[in-house]
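Q: Handing over target35.cif, mmCIF, C-alpha atoms.
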```
data_input
#
loop_
_atom_site.label_atom_id
_atom_site.label_comp_id
_atom_site.auth_asym_id
_atom_site.auth_seq_id
_atom_site.Cartn_x
_atom_site.Cartn_y
_atom_site.Cartn_z
CA MET A 596 120.49 100.57 92.82
CA ARG A 597 120.36 98.11 89.98
CA GLU A 598 117.07 97.51 88.21
CA PRO A 599 115.71 93.97 88.61
CA PRO A 600 116.53 91.67 85.70
CA ASP A 601 113.83 90.99 83.11
CA LEU A 602 111.18 88.40 83.79
CA HIS A 603 112.76 85.63 81.71
CA GLU A 604 115.99 85.93 83.64
CA LEU A 605 114.13 86.03 86.97
CA VAL A 606 112.18 82.83 86.46
CA GLY A 607 114.29 81.03 83.85
CA GLY A 608 113.13 78.57 81.20
CA ASP A 609 110.49 78.82 78.53
CA LEU A 610 107.07 79.73 79.79
CA PRO A 611 103.76 78.73 78.21
CA PRO A 612 101.99 81.85 76.84
CA GLU A 613 99.24 81.72 79.44
CA GLU A 614 101.67 81.55 82.33
CA LEU A 615 103.89 84.20 80.75
CA GLU A 616 100.92 86.58 80.61
CA GLN A 617 100.09 85.82 84.25
CA LEU A 618 103.64 86.29 85.52
CA SER A 619 104.17 89.38 83.37
CA ARG A 620 101.22 91.05 85.06
CA ALA A 621 102.59 90.34 88.54
CA ASP A 622 106.06 91.42 87.38
CA ALA A 623 104.69 94.74 86.07
CA LEU A 624 102.82 95.35 89.32
CA LEU A 625 105.93 94.81 91.42
CA ARG A 626 107.97 97.13 89.19
CA SER A 627 105.30 99.85 89.48
CA VAL A 628 105.32 100.24 93.26
CA PRO A 629 107.95 101.23 95.82
CA ALA A 630 109.47 98.75 98.23
CA PRO A 631 107.49 97.90 101.36
CA PRO A 632 109.03 98.79 104.73
CA HIS A 633 111.75 96.36 105.73
CA GLU A 634 110.17 95.30 108.98
CA VAL A 635 107.51 96.15 111.50
CA PRO A 636 109.10 97.48 114.70
CA PRO A 637 108.44 95.35 117.81
CA SER A 638 107.24 98.47 119.62
CA LEU A 639 104.33 98.73 117.17
CA THR A 640 103.48 95.06 117.53
CA GLN A 641 103.51 95.40 121.30
CA ALA A 642 101.33 98.54 121.22
CA VAL A 643 98.81 96.93 118.87
CA ALA A 644 98.71 93.75 120.95
CA GLU A 645 97.62 95.88 123.88
CA VAL A 646 94.78 97.34 121.78
CA SER A 647 92.96 94.02 121.69
CA LEU A 648 93.25 93.71 125.45
CA ALA A 649 91.53 97.05 126.03
CA PRO A 650 87.77 97.20 126.67
CA ARG A 651 85.75 97.53 123.49
CA PRO A 652 82.99 100.15 123.23
CA ARG A 653 80.98 97.38 121.57
CA ALA A 654 80.99 95.34 124.75
CA ARG A 655 79.53 98.22 126.71
CA ARG A 656 77.00 98.81 123.95
CA ARG A 657 75.95 95.18 123.99
CA LEU A 658 75.48 95.35 127.72
CA GLU A 659 73.38 98.48 127.38
CA LEU A 660 71.28 96.91 124.65
CA ALA A 661 70.81 93.83 126.79
CA LEU A 662 69.67 96.02 129.66
CA VAL A 663 67.31 97.96 127.39
CA PHE A 664 65.90 94.71 126.03
CA GLY A 665 65.48 93.30 129.51
CA ALA A 666 63.74 96.46 130.65
CA LEU A 667 61.50 96.36 127.59
CA VAL A 668 60.45 92.78 128.28
CA ALA A 669 59.85 93.63 131.92
CA ALA A 670 57.78 96.67 131.01
CA LEU A 671 55.62 94.73 128.57
CA SER A 672 55.11 91.91 131.02
CA PHE A 673 53.76 94.43 133.53
CA GLY A 674 51.37 95.83 130.99
CA ILE A 675 53.01 99.20 130.70
CA GLY A 676 51.73 100.77 127.52
CA ARG A 677 53.61 102.47 124.78
CA TRP A 678 57.36 102.22 124.97
CA THR A 679 59.51 104.71 123.14
CA GLY A 680 63.22 105.24 122.68
CA ALA A 681 64.22 101.65 121.95
CA GLU A 682 63.57 101.71 118.20
CA SER A 683 66.02 99.74 116.12
CA PHE A 684 68.65 101.60 114.11
CA ASP A 685 69.94 100.03 110.93
CA ALA A 686 73.26 101.68 110.09
CA ALA A 687 74.38 101.82 106.47
CA TYR A 688 77.92 102.57 107.58
CA ALA A 689 79.82 104.05 110.51
CA ILE A 690 82.51 106.67 110.94
CA THR A 691 85.04 106.35 113.71
CA MET A 692 86.07 109.80 114.89
CA GLU A 693 89.52 110.41 116.28
CA PRO A 694 90.26 112.66 119.26
CA THR A 695 92.26 115.85 118.84
CA GLU A 696 94.81 117.13 121.34
CA SER A 697 91.98 119.03 123.06
CA ALA A 698 90.23 115.78 124.05
CA PRO A 699 92.81 113.00 124.02
CA GLY A 700 90.63 110.54 125.97
CA ALA A 701 87.51 110.98 123.88
CA ALA A 702 86.05 108.51 121.37
CA ALA A 703 83.06 108.69 119.08
CA VAL A 704 81.38 106.68 116.37
CA VAL A 705 78.74 108.14 114.05
CA GLU A 706 76.48 105.48 112.61
CA VAL A 707 74.76 106.71 109.46
CA GLY A 708 71.42 105.23 108.47
CA GLU A 709 69.99 104.73 105.00
CA ARG A 710 68.61 107.91 103.41
CA ASP A 711 64.82 107.99 103.33
CA GLU A 712 64.02 108.19 99.63
CA GLU A 713 60.80 110.11 100.09
CA SER A 714 61.94 112.81 102.52
CA GLY A 715 65.70 112.77 101.90
CA ASN A 716 66.35 112.57 105.62
CA VAL A 717 69.13 110.51 107.15
CA GLU A 718 69.21 109.30 110.71
CA LEU A 719 72.46 109.48 112.65
CA MET A 720 73.32 107.64 115.83
CA LEU A 721 76.26 109.20 117.67
CA GLU A 722 77.96 107.18 120.38
CA VAL A 723 80.42 109.30 122.31
CA SER A 724 82.49 108.74 125.41
CA GLY A 725 85.38 110.34 127.26
CA LEU A 726 84.02 113.90 127.14
CA PRO A 727 83.30 115.67 130.44
CA PRO A 728 79.71 116.74 131.12
CA PRO A 729 79.47 120.36 129.90
CA ALA A 730 79.10 123.14 132.43
CA GLY A 731 76.52 125.92 132.53
CA ASP A 732 75.29 126.99 129.12
CA GLU A 733 77.86 124.92 127.31
CA TYR A 734 77.12 121.89 125.18
CA TYR A 735 78.65 119.83 122.41
CA ALA A 736 77.84 119.91 118.71
CA LEU A 737 78.33 117.61 115.76
CA TRP A 738 79.37 119.60 112.68
CA LEU A 739 80.09 119.01 109.05
CA GLU A 740 83.17 120.89 107.88
CA GLN A 741 83.52 122.34 104.39
CA ASP A 742 86.58 124.23 103.11
CA GLY A 743 87.89 124.77 106.62
CA GLU A 744 84.61 126.10 108.02
CA TRP A 745 82.10 124.35 110.22
CA ALA A 746 79.37 124.72 107.65
CA ALA A 747 76.45 122.70 109.00
CA THR A 748 75.36 121.43 112.39
CA CYS A 749 73.85 118.00 112.74
CA GLY A 750 72.75 118.68 116.29
CA TYR A 751 73.69 119.84 119.77
CA PHE A 752 74.00 117.48 122.69
CA SER A 753 75.16 117.01 126.24
CA VAL A 754 76.87 113.97 127.73
CA GLY A 755 76.80 112.07 130.97
CA GLU A 756 79.37 109.84 132.57
CA GLY A 757 80.51 106.92 130.40
CA GLU A 758 79.07 106.48 126.93
CA THR A 759 76.28 108.70 125.63
CA THR A 760 74.12 107.84 122.61
CA VAL A 761 72.47 110.65 120.68
CA ARG A 762 70.12 110.28 117.70
CA MET A 763 69.88 113.02 115.11
CA THR A 764 68.15 113.50 111.78
CA VAL A 765 69.63 115.57 108.97
CA SER A 766 69.14 115.98 105.23
CA TYR A 767 72.65 116.97 104.14
CA GLU A 768 74.52 115.32 101.31
CA PHE A 769 77.63 114.21 103.18
CA ARG A 770 79.76 114.08 100.04
CA ASP A 771 79.47 117.89 99.88
CA PHE A 772 81.56 118.17 103.05
CA ASP A 773 85.16 117.46 104.01
CA SER A 774 84.94 116.09 107.53
CA TRP A 775 82.90 115.45 110.66
CA VAL A 776 83.78 117.51 113.73
CA ILE A 777 82.62 117.46 117.33
CA SER A 778 83.16 120.70 119.20
CA GLY A 779 82.40 121.95 122.68
CA GLY A 780 81.74 125.46 123.96
CA THR A 781 78.81 127.85 123.61
CA ARG A 782 76.96 129.21 120.62
CA THR A 783 78.91 132.46 120.70
CA ASP A 784 82.53 131.43 121.06
CA GLU A 785 84.80 129.58 118.68
CA PRO A 786 85.66 126.33 120.43
CA PRO A 787 88.39 123.95 119.36
CA PRO A 788 87.52 120.72 117.59
CA LEU A 789 87.45 117.76 119.97
CA LEU A 790 86.96 114.83 117.59
CA VAL A 791 87.29 114.72 113.82
CA ALA A 792 86.84 112.29 110.93
CA GLU A 793 87.52 113.03 107.31
CA ILE A 794 84.84 112.33 104.71
CA PRO A 795 86.52 110.47 101.85
CA ALA A 796 86.18 112.02 98.42
CA ALA A 797 83.38 110.39 96.41
CA MET B 1210 102.47 76.02 85.93
CA SER B 1211 99.55 76.95 88.14
CA VAL B 1212 99.76 77.80 91.79
CA ALA B 1213 96.69 77.58 93.94
CA VAL B 1214 95.98 80.75 95.87
CA ALA B 1215 96.41 80.11 99.56
CA THR B 1216 93.20 78.99 101.21
CA ALA B 1217 93.83 81.24 104.17
CA GLU B 1218 90.80 82.84 105.73
CA SER B 1219 89.69 85.88 103.75
CA ASP B 1220 90.36 89.41 105.01
CA SER B 1221 86.64 89.98 105.01
CA ARG B 1222 85.96 87.04 107.29
CA LEU B 1223 88.78 88.13 109.59
CA ILE B 1224 87.27 91.60 110.01
CA GLN B 1225 83.91 90.03 110.79
CA ARG B 1226 85.55 87.89 113.44
CA VAL B 1227 87.30 90.98 114.85
CA ALA B 1228 83.87 92.63 115.07
CA GLY B 1229 82.89 89.78 117.37
CA GLY B 1230 85.89 90.44 119.61
CA ASP B 1231 88.12 87.65 118.29
CA ARG B 1232 91.71 88.51 119.26
CA ASP B 1233 93.25 85.78 117.13
CA ALA B 1234 91.58 87.22 114.06
CA PHE B 1235 92.85 90.66 115.02
CA THR B 1236 96.39 89.29 115.34
CA GLU B 1237 96.16 87.70 111.89
CA LEU B 1238 94.78 90.89 110.39
CA TYR B 1239 97.70 92.79 111.92
CA ARG B 1240 100.16 90.28 110.49
CA ARG B 1241 98.74 90.79 107.01
CA PHE B 1242 98.37 94.54 107.07
CA ALA B 1243 100.99 95.96 109.44
CA ARG B 1244 103.61 96.52 106.75
CA PRO B 1245 101.23 98.05 104.17
CA VAL B 1246 99.78 100.39 106.82
CA LEU B 1247 103.20 101.35 108.11
CA GLY B 1248 104.54 101.86 104.60
CA MET B 1249 101.68 104.14 103.64
CA ALA B 1250 102.04 106.13 106.87
CA MET B 1251 105.79 106.51 106.44
CA ARG B 1252 105.42 107.84 102.91
CA GLN B 1253 102.68 110.31 103.86
CA LEU B 1254 103.95 111.50 107.24
CA GLY B 1255 107.64 111.33 106.43
CA ASP B 1256 108.60 110.37 109.96
CA ASN B 1257 109.05 106.91 111.45
CA GLY B 1258 107.72 107.80 114.91
CA ARG B 1259 104.58 109.46 113.65
CA ALA B 1260 104.05 106.70 111.11
CA GLU B 1261 104.19 104.15 113.90
CA GLU B 1262 101.64 106.18 115.88
CA ALA B 1263 99.35 106.35 112.86
CA ALA B 1264 99.68 102.59 112.32
CA GLN B 1265 98.83 101.99 115.96
CA GLU B 1266 95.79 104.26 115.65
CA THR B 1267 94.75 102.41 112.51
CA PHE B 1268 94.61 99.06 114.25
CA ALA B 1269 92.96 100.57 117.32
CA ALA B 1270 90.27 101.96 114.99
CA VAL B 1271 89.93 98.57 113.29
CA TRP B 1272 89.40 96.95 116.68
CA ARG B 1273 86.85 99.59 117.70
CA SER B 1274 84.87 99.82 114.49
CA ALA B 1275 85.15 96.45 112.75
CA ARG B 1276 81.40 96.09 113.15
CA SER B 1277 80.90 98.98 110.71
CA TYR B 1278 82.44 96.91 107.90
CA ARG B 1279 79.86 95.75 105.35
CA PRO B 1280 81.22 93.14 102.91
CA GLU B 1281 78.52 93.95 100.36
CA ARG B 1282 79.75 97.55 100.16
CA GLY B 1283 83.32 96.85 99.20
CA SER B 1284 86.40 94.76 99.76
CA ALA B 1285 88.00 94.31 103.15
CA SER B 1286 91.21 95.76 101.79
CA ALA B 1287 89.40 98.93 100.66
CA TRP B 1288 87.79 99.32 104.06
CA LEU B 1289 91.09 98.88 105.87
CA TYR B 1290 92.79 101.27 103.46
CA ALA B 1291 90.16 103.93 104.29
CA VAL B 1292 90.65 103.38 108.03
CA ALA B 1293 94.41 103.77 107.62
CA ARG B 1294 94.02 106.87 105.49
CA HIS B 1295 91.80 108.47 108.15
CA ALA B 1296 94.29 107.65 110.88
CA ILE B 1297 97.19 109.10 108.90
CA ILE B 1298 95.34 112.33 108.09
CA ASP B 1299 94.21 112.68 111.69
CA ARG B 1300 97.76 112.15 112.92
CA ALA B 1301 98.91 114.93 110.61
CA ARG B 1302 96.14 117.24 111.85
CA GLN B 1303 96.78 116.56 115.51
CA ARG B 1304 100.30 117.86 115.09
CA ARG B 1305 98.91 120.79 113.12
CA GLU B 1306 101.23 119.97 110.28
CA PRO B 1307 100.23 119.04 106.78
CA ALA B 1308 100.81 115.46 105.68
CA VAL B 1309 103.85 115.24 103.49
CA GLU B 1310 102.61 114.48 100.02
CA VAL B 1311 105.32 112.09 98.98
CA PRO B 1312 104.56 110.97 95.46
CA GLU B 1313 104.73 107.30 94.65
CA GLU B 1314 107.87 106.39 92.76
CA ALA B 1315 105.85 105.23 89.81
CA SER B 1316 104.11 108.57 89.41
CA SER B 1317 106.53 111.28 90.46
CA GLU B 1318 104.87 113.85 88.22
CA ALA B 1319 101.34 112.72 88.95
CA GLY B 1320 98.45 114.89 90.04
CA PRO B 1321 96.38 114.25 93.18
CA ASP B 1322 94.09 111.70 91.53
CA GLU B 1323 96.97 109.75 90.11
CA GLN B 1324 98.82 109.93 93.43
CA ALA B 1325 95.76 108.54 95.20
CA GLU B 1326 95.53 105.78 92.60
CA GLY B 1327 99.24 105.07 93.04
CA ALA B 1328 98.83 104.85 96.81
CA TRP B 1329 95.95 102.42 96.38
CA LEU B 1330 97.92 100.26 93.94
CA THR B 1331 100.91 100.21 96.29
CA TRP B 1332 98.64 99.24 99.16
CA ARG B 1333 97.10 96.38 97.18
CA VAL B 1334 100.45 95.00 96.05
CA HIS B 1335 102.04 95.25 99.49
CA SER B 1336 98.97 93.66 101.11
CA ALA B 1337 99.09 90.78 98.63
CA LEU B 1338 102.80 90.27 99.29
CA GLU B 1339 101.99 89.73 102.96
CA GLN B 1340 99.81 86.78 102.01
CA LEU B 1341 102.59 84.91 100.22
CA PRO B 1342 104.58 82.19 101.98
CA GLU B 1343 107.58 83.77 103.65
CA ARG B 1344 110.15 82.09 101.40
CA GLU B 1345 108.44 83.35 98.22
CA ARG B 1346 107.93 86.85 99.60
CA ALA B 1347 111.56 87.12 100.65
CA VAL B 1348 112.80 86.13 97.19
CA LEU B 1349 110.48 88.58 95.43
CA GLU B 1350 111.43 91.48 97.70
CA LEU B 1351 115.10 90.80 97.21
CA ALA B 1352 114.66 90.41 93.44
CA TYR B 1353 112.71 93.61 92.90
CA TRP B 1354 113.95 96.03 95.54
CA SER B 1355 117.36 95.04 96.87
CA GLY B 1356 119.43 95.49 93.74
CA LEU B 1357 120.90 92.02 94.22
CA SER B 1358 121.37 89.71 91.26
CA GLN B 1359 119.79 86.26 91.29
CA ALA B 1360 123.15 84.69 92.05
CA GLU B 1361 123.66 87.11 94.93
CA ILE B 1362 120.18 86.30 96.26
CA ALA B 1363 121.00 82.59 96.10
CA SER B 1364 124.18 83.22 98.04
CA TYR B 1365 122.44 85.50 100.54
CA LEU B 1366 119.69 82.94 101.24
CA ASP B 1367 122.10 80.01 100.98
CA VAL B 1368 119.95 78.14 98.46
CA PRO B 1369 120.71 76.97 94.90
CA LEU B 1370 120.11 79.44 92.05
CA GLY B 1371 117.43 77.12 90.64
CA THR B 1372 115.52 77.35 93.91
CA VAL B 1373 115.57 81.15 93.73
CA LYS B 1374 114.09 81.01 90.21
CA THR B 1375 111.47 78.46 91.22
CA ARG B 1376 110.41 80.49 94.24
CA THR B 1377 110.28 83.63 92.10
CA ARG B 1378 108.09 81.85 89.57
CA THR B 1379 105.67 80.39 92.12
CA GLY B 1380 105.60 83.65 94.06
CA LEU B 1381 104.74 85.67 90.95
CA ALA B 1382 102.02 83.18 89.99
CA ARG B 1383 100.52 83.31 93.46
CA LEU B 1384 100.72 87.11 93.48
CA ALA B 1385 98.98 87.28 90.09
CA GLY B 1386 96.18 85.19 91.55
CA LEU B 1387 95.83 87.46 94.57
CA LEU B 1388 95.80 90.56 92.36
CA ASP B 1389 93.61 89.13 89.66
CA GLU B 1390 91.57 92.29 89.07
CA VAL B 1391 94.44 94.78 89.55
CA ARG B 1392 96.26 96.32 86.60
CA PRO B 1393 99.44 98.43 86.83
#
```
Written as structure tokens, how would this file's structure read?

A:
Amino acid sequence: MREPPDLHELVGGDLPPEELEQLSRADALLRSVPAPPHEVPPSLTQAVAEVSLAPRPRARRRLELALVFGALVAALSFGIGRWTGAESFDAAYAITMEPTESAPGAAAVVEVGERDEESGNVELMLEVSGLPPPAGDEYYALWLEQDGEWAATCGYFSVGEGETTVRMTVSYEFRDFDSWVISGGTRTDEPPPLLVAEIPAA
Amino acid sequence: MSVAVATAESDSRLIQRVAGGDRDAFTELYRRFARPVLGMAMRQLGDNGRAEEAAQETFAAVWRSARSYRPERGSASAWLYAVARHAIIDRARQRREPAVEVPEEASSEAGPDEQAEGAWLTWRVHSALEQLPERERAVLELAYWSGLSQAEIASYLDVPLGTVKTRTRTGLARLAGLLDEVRP
């Protein structure tokens, strides 16, 4: 394929120095990258359009929060004393985990709080759905993976029907790890990963 | 000649609207980023079908987790790039196959860091192209990647040669404005 002509031939005419510098920068950028895909297939557009018609976990969460708030107000109005479990959680960022082939209907978001400067602890809020309630002595676990090994557990948990929210506190430096993993199983076996999310390199 | 950068709603504002469940904002975000996401997925997965799946997963993740975006922590483009990168890597893992490390054309001998930088640069340029008016984008894509001469582009688009040059000039100026802080 022919190389594109030089900038002067592309735009024609004499250019003021300031504009030449500006256009040269854009010209160099375009020459430094490969071509974008020709077109977006209609099948993708159709599939993505359906995404925004699906129920959002956020909507369920809002409803739950509204119910919690309503219950809190009701409890206070009836003079019930100390109320626990409805503390606010201020997330610094969130990680959306993706399901593996072992749990295709599962979804999870890990919200990560700000690190406490004094203790070094970090609060996590895990919202998970689409996993079946574990049987017997089984349970789920949130891991941090390092070099292909599940190196550190953030906590073990069970789930109910619908969405389950679990709070955990850890002190790990997340940048030391490669990914987040949710597994099922027991403490003695080697279960498959159910949901994963890579930790971007720092 | 100066060309005002389009006053379209910022990517950041669009993501915030998506976080509130705004479908129109989601549609606009898709229009701007579908080609960059798909292009990145195609280069890394090496397969159109899987790339399309990864792109679909990217936008599903955007819809689900737009509320996690914090404008003060980085640009909207960087956030979306990270979401796409996750989706592509996860797609590769689900098939238990490594992602194909296709080097960018501009850095065929590059190491991992340079490849990552090349991918980011490509993403930024392709995303900016999507924000140009269609007639300017079409002329630039034909000029830089089709191998057609300017006269052939004029014939192909059925416009005078002078119009092709004018659109190229305004398109480049607008692109420079959109990529103000980016250097090749």

Q: The PyMOL selection byres ((chain A) within 8 of (chain B)) on the file shown: which residues, as a PyMOL selection string?

A: chain A and resi 596-600+605-607+614+617-618+620-632+634-635+639+642-644+646-647+651-653+688-691+693+695-696+704+791-793+795

Q: Which is closest to Gly757 in chain A among A:Gly779, A:Gly743, A:Pro728, A:Pro611, if we use all atoms listed in the file?

A: A:Pro728

Q: So how far away is CA of Tyr735 in chain A from CA of Tyr767 in chain A, in Å?

A: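 Result for CA of Tyr767 in chain A versus CA of Tyr735 in chain A: 19.4 Å, one decimal.
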
Q: Given only C-alpha atoms as the basis, pick out the residue of A:Leu615, A:Ala746, A:Leu790, A:Ala686 nearest to Met720 in chain A.

A: A:Ala686

Q: Expanded to explicit residues, what is the PyMOL selection byres ((chain A and resi 729) around 9) for this file, as number ranges by chain?

A: A: 726-728, 730-735, 753-755, 779-780

Q: Please compute the CA of Phe752 in chain A-CA of Leu737 in chain A distance, one decimal, in Å.

A: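 CA of Phe752 in chain A sits 8.2 Å away from CA of Leu737 in chain A.
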
Q: As an exercise, work out the distance from CA of Leu789 in chain A to CA of Leu739 in chain A in Å and give it to one decimal place.

A: 13.2 Å

Q: Assuming the chain letters and numbering stay as they are in my file, what does the PyMOL selection byres ((chain A and resi 701) around 6) actually select? List them as a PDB file with C-alpha atoms, keeping the file's coordinate frame.

A:
```
ATOM      1  CA  PRO A 694      90.260 112.660 119.260  1.00  0.00           C
ATOM      2  CA  ALA A 698      90.230 115.780 124.050  1.00  0.00           C
ATOM      3  CA  PRO A 699      92.810 113.000 124.020  1.00  0.00           C
ATOM      4  CA  GLY A 700      90.630 110.540 125.970  1.00  0.00           C
ATOM      5  CA  ALA A 702      86.050 108.510 121.370  1.00  0.00           C
ATOM      6  CA  SER A 724      82.490 108.740 125.410  1.00  0.00           C
ATOM      7  CA  GLY A 725      85.380 110.340 127.260  1.00  0.00           C
ATOM      8  CA  LEU A 726      84.020 113.900 127.140  1.00  0.00           C
TER       9      LEU A 726
END
```
